[in-house]
Amino acid sequence: MFTHLDSKGQAHMVDVGEKQNSRRLAIASSFVQMDAATLTAIKEDSLKKGDVLATARIAGIGAAKRCSDLIPLCHPLLISKVSIDFEYVEAVDDKQDKADSKQQSQTGNTAGIRCYAAVSLVGQTGVEMEALTAASVAALTIFDMAKAIDKNMVITETQLEYKSGGKSGTFARGRAGTVLAVNLSKETGEQKVSTPNAVNFIADSGIEGDAHAGDWHRQVSLLDQSSVDQLIEKGLTLKPGDFAENITTSGLQLQKLPIGTRLRIGQAVIEITQIGKECHTRCAIYHQAGDCVMPRDGVFAKVIEGGKVKGGDLIYVW
């Protein structure tokens with residue numbers, strides 16, 4: 001039965017009053033295909049209308065807040081946060097080995113900008129439509145800002161990337177997620193402590209102030225919350241950083257990403273160098289649960305491009 005139709009087949013707004021509040025998150029994306037010269041002009045901020053991405057970001061945030069005015073049966077929601085991010089996709093030379101391009105699977109050899117929108121709240125209904133609306137309007141704004149020099153732009157691949165919370169649980173396309181927490185420690189071999197502040201990723205080094213930073217291949221460690229949830233279901237009380245991971249994520253199947261995959265995380269770019277590790281000593285979590293997910297599901301990376309990263313930032317395949 002269609003939930004938006006009543007017994008007479010008439011459209012109506014679903015009553016969510018009996019649903020339990022839960023933390024809900026949705027990430028959507030939309031791709032704006034354009035000429036390579038248009039992409040260069042946007043990157044160099046040389047268009048007469050002004051800063052394209054700053055304008056698109058504001059438009060996307062505003063669109064998420066106005067979703068119920070645009071989609072007839074959507075509920076007005078008290079949104080907690082909207083984040084808009086952009087990925088530059090460079091055109092791929094036809095002579096280049098396609099296997100070398102991580103963008104090839106969806107964008108071919110076309111230049112463009114992928115708009116990501118993440119929307120979250122604590123409530124009784126999801127925010128998938130708010131995220132899709134935000135990504136779509138951000139893409140439309142890019143078109144509007146750049147149409148004077150490129151009317152051949154095409155908006156395509158608007159899709160839900162990730163959602164969590166609610167009765168239906170989690171959906172993940174596997175390409176995008178969010179940073180749930182950033183965790184640091186002064187010594188190796190100990191649990192890390194979450195920080196609410198932005199941390200500084202340093203190229204070829206790691207996270208400033210963290211014990212694992214240095215000239216080696218495991219500068220940053222990542223673990224997805226889905227792996228931690230396996231032990232929470234066994235009755236353990238766990239918080240981000242308890243497995244000594246620097247970055248606790250949500251939405252990425254990290255252990256399935258191949259070595260060499262690059263991820264944009266906040267303002268930084270990292271590259272996966274190792275999946276899992278050998279555990280030489282049994283940590284306190286292992287003795288409590290009889291298991292430790294970090295050696296199996298943890299991912300390690302080096303920093304390619306430095307920048308600020310904080311909880312709530314988007315993380316996606318770059």
# chains A, B, ... in the order shown; residues from 1 in each chain; ligands from 1

$ select_by_dssp --residues "range 60-164 of chain A" --states "alpha helix (DSSP H)" --output "PyMOL selection string"
chain A and resi 60-65+67-70+104-107+128-146

$ closest_residue --among "A:Gln219, A:Ser136, A:Asn246, A:Gln33" --to "Ser185 in chain A" --atoms "only C-alpha atoms"
A:Asn246

$ atom_distance --atom1 "CA of Gln159 in chain A" --atom2 "CA of Ile304 in chain A"
28.2 Å

$ closest_residue --among "A:Ile142, A:Leu78, A:Ala301, A:Ile155" --to "His217 in chain A" --atoms "only C-alpha atoms"
A:Ala301

$ atom_distance --atom1 "CA of His75 in chain A" --atom2 "CA of Arg114 in chain A"
27.1 Å

$ residues_around --residues "Met294 in chain A" --least-positions-apart "4" --cutoff "10 Å" --atoms "only C-alpha atoms" --output "list in words"
Ser221, Leu222, Leu223, Asp224, Ser227, Val228, Asp242, Phe243, Ala244, Glu245, Ile275, Gly276, Lys277, Glu278, Cys279, Gly298 and Val299 of chain A

$ select_by_dssp --residues "range 49-226 of chain A" --states "strand (DSSP E)" --output "PyMOL selection string"
chain A and resi 81-89+112-123+154-164+171-172+176-184+193-195+199-202+206-207+220-224

$ residues_around --residues "Ala211 in chain A" --least-positions-apart "5" --cutoff "6 Å" --atoms "only C-alpha atoms" --output "MDAnalysis selection string"
chainID A and resid 185:188

$ atom_distance --atom1 "CA of Gln124 in chain A" --atom2 "CA of Gly311 in chain A"
23.6 Å

$ residues_around --residues "Arg218 in chain A" --least-positions-apart "4" --cutoff "9 Å" --atoms "only C-alpha atoms" --output "ChimeraX atom specification"
/A:206,212-214,272-274,299-302

$ closest_residue --among "A:Leu47, A:Ile315, A:Leu132, A:Leu121" --to "Ile71 in chain A" --atoms "only C-alpha atoms"
A:Leu132

$ residues_around --residues "range 52-65 of chain A" --least-positions-apart "6" --cutoff "8 Å" --atoms "only C-alpha atoms" --output "ChimeraX atom specification"
/A:42,45,77,79,82-86,117,119,130-131,133-139,141-142,145-146

$ write_last_selection --atoms "N, CA and C atoms" --output "mmCIF file, in the first residue's frame"
data_model
loop_
_atom_site.group_PDB
_atom_site.id
_atom_site.type_symbol
_atom_site.label_atom_id
_atom_site.label_comp_id
_atom_site.auth_asym_id
_atom_site.auth_seq_id
_atom_site.Cartn_x
_atom_site.Cartn_y
_atom_site.Cartn_z
ATOM 1 N N ILE A 42 35.418 28.422 -12.928
ATOM 2 C CA ILE A 42 34.825 28.355 -11.589
ATOM 3 C C ILE A 42 35.915 28.198 -10.540
ATOM 4 N N ASP A 45 37.633 31.405 -9.986
ATOM 5 C CA ASP A 45 36.738 32.466 -9.533
ATOM 6 C C ASP A 45 36.776 33.658 -10.483
ATOM 7 N N LEU A 77 10.277 20.454 8.816
ATOM 8 C CA LEU A 77 11.155 19.797 9.788
ATOM 9 C C LEU A 77 12.056 20.803 10.482
ATOM 10 N N ILE A 79 15.349 21.118 11.183
ATOM 11 C CA ILE A 79 16.637 20.554 10.774
ATOM 12 C C ILE A 79 17.733 21.005 11.728
ATOM 13 N N VAL A 82 22.774 21.444 7.979
ATOM 14 C CA VAL A 82 22.898 21.203 6.542
ATOM 15 C C VAL A 82 24.337 21.517 6.148
ATOM 16 N N SER A 83 24.980 20.580 5.470
ATOM 17 C CA SER A 83 26.333 20.797 4.961
ATOM 18 C C SER A 83 26.328 20.601 3.452
ATOM 19 N N ILE A 84 26.958 21.505 2.735
ATOM 20 C CA ILE A 84 27.079 21.409 1.284
ATOM 21 C C ILE A 84 28.565 21.390 0.938
ATOM 22 N N ASP A 85 28.962 20.426 0.106
ATOM 23 C CA ASP A 85 30.360 20.331 -0.310
ATOM 24 C C ASP A 85 30.407 20.068 -1.806
ATOM 25 N N PHE A 86 31.570 20.325 -2.405
ATOM 26 C CA PHE A 86 31.704 20.222 -3.855
ATOM 27 C C PHE A 86 32.976 19.465 -4.218
ATOM 28 N N ALA A 117 25.179 17.098 -0.487
ATOM 29 C CA ALA A 117 24.395 17.744 0.560
ATOM 30 C C ALA A 117 24.134 16.746 1.674
ATOM 31 N N VAL A 119 22.150 16.383 5.383
ATOM 32 C CA VAL A 119 21.127 16.993 6.233
ATOM 33 C C VAL A 119 20.875 16.071 7.420
ATOM 34 N N GLU A 130 15.025 16.379 1.798
ATOM 35 C CA GLU A 130 15.726 17.636 2.074
ATOM 36 C C GLU A 130 17.136 17.604 1.480
ATOM 37 N N ALA A 131 17.826 16.465 1.617
ATOM 38 C CA ALA A 131 19.168 16.343 1.062
ATOM 39 C C ALA A 131 19.143 16.363 -0.462
ATOM 40 N N THR A 133 16.850 17.719 -2.365
ATOM 41 C CA THR A 133 16.491 19.069 -2.792
ATOM 42 C C THR A 133 17.685 20.006 -2.695
ATOM 43 N N ALA A 134 18.429 19.895 -1.611
ATOM 44 C CA ALA A 134 19.603 20.751 -1.422
ATOM 45 C C ALA A 134 20.650 20.511 -2.505
ATOM 46 N N ALA A 135 20.945 19.237 -2.805
ATOM 47 C CA ALA A 135 21.929 18.922 -3.836
ATOM 48 C C ALA A 135 21.460 19.413 -5.199
ATOM 49 N N SER A 136 20.167 19.248 -5.477
ATOM 50 C CA SER A 136 19.613 19.669 -6.771
ATOM 51 C C SER A 136 19.693 21.178 -6.950
ATOM 52 N N VAL A 137 19.310 21.927 -5.918
ATOM 53 C CA VAL A 137 19.314 23.386 -6.026
ATOM 54 C C VAL A 137 20.743 23.927 -6.071
ATOM 55 N N ALA A 138 21.660 23.291 -5.362
ATOM 56 C CA ALA A 138 23.065 23.691 -5.473
ATOM 57 C C ALA A 138 23.549 23.518 -6.908
ATOM 58 N N ALA A 139 23.178 22.387 -7.524
ATOM 59 C CA ALA A 139 23.555 22.147 -8.920
ATOM 60 C C ALA A 139 22.901 23.170 -9.856
ATOM 61 N N THR A 141 22.048 26.145 -9.127
ATOM 62 C CA THR A 141 22.688 27.449 -8.911
ATOM 63 C C THR A 141 24.004 27.532 -9.666
ATOM 64 N N ILE A 142 24.759 26.444 -9.683
ATOM 65 C CA ILE A 142 25.992 26.420 -10.487
ATOM 66 C C ILE A 142 25.660 26.675 -11.955
ATOM 67 N N MET A 145 24.851 30.351 -12.426
ATOM 68 C CA MET A 145 26.016 31.228 -12.299
ATOM 69 C C MET A 145 26.941 31.139 -13.512
ATOM 70 N N ALA A 146 26.945 29.968 -14.177
ATOM 71 C CA ALA A 146 27.914 29.747 -15.257
ATOM 72 C C ALA A 146 27.287 29.669 -16.650
#

$ closest_residue --among "A:Leu252, A:Ser30, A:Pro196, A:Met153" --to "Ala172 in chain A" --atoms "only C-alpha atoms"
A:Leu252

$ residues_around --residues "Ser120 in chain A" --least-positions-apart "4" --cutoff "7 Å" --atoms "only C-alpha atoms" --output "list of chain:residue names"
A:Arg24, A:Leu25, A:Ala26, A:Ile79, A:Ser80, A:Lys81, A:Val82, A:Val127

$ write_last_selection --atoms "C-alpha atoms" --output "short mmCIF file (atom, residue, chain, number, x, y, z; two decimals), in the first residue's frame"
data_model
loop_
_atom_site.label_atom_id
_atom_site.label_comp_id
_atom_site.auth_asym_id
_atom_site.auth_seq_id
_atom_site.Cartn_x
_atom_site.Cartn_y
_atom_site.Cartn_z
CA ARG A 24 18.50 10.87 11.16
CA LEU A 25 21.03 11.73 8.48
CA ALA A 26 20.83 11.79 4.69
CA ILE A 79 16.64 20.55 10.77
CA SER A 80 19.72 20.38 12.97
CA LYS A 81 22.38 20.87 10.30
CA VAL A 82 22.90 21.20 6.54
CA VAL A 127 15.53 13.94 5.62
#
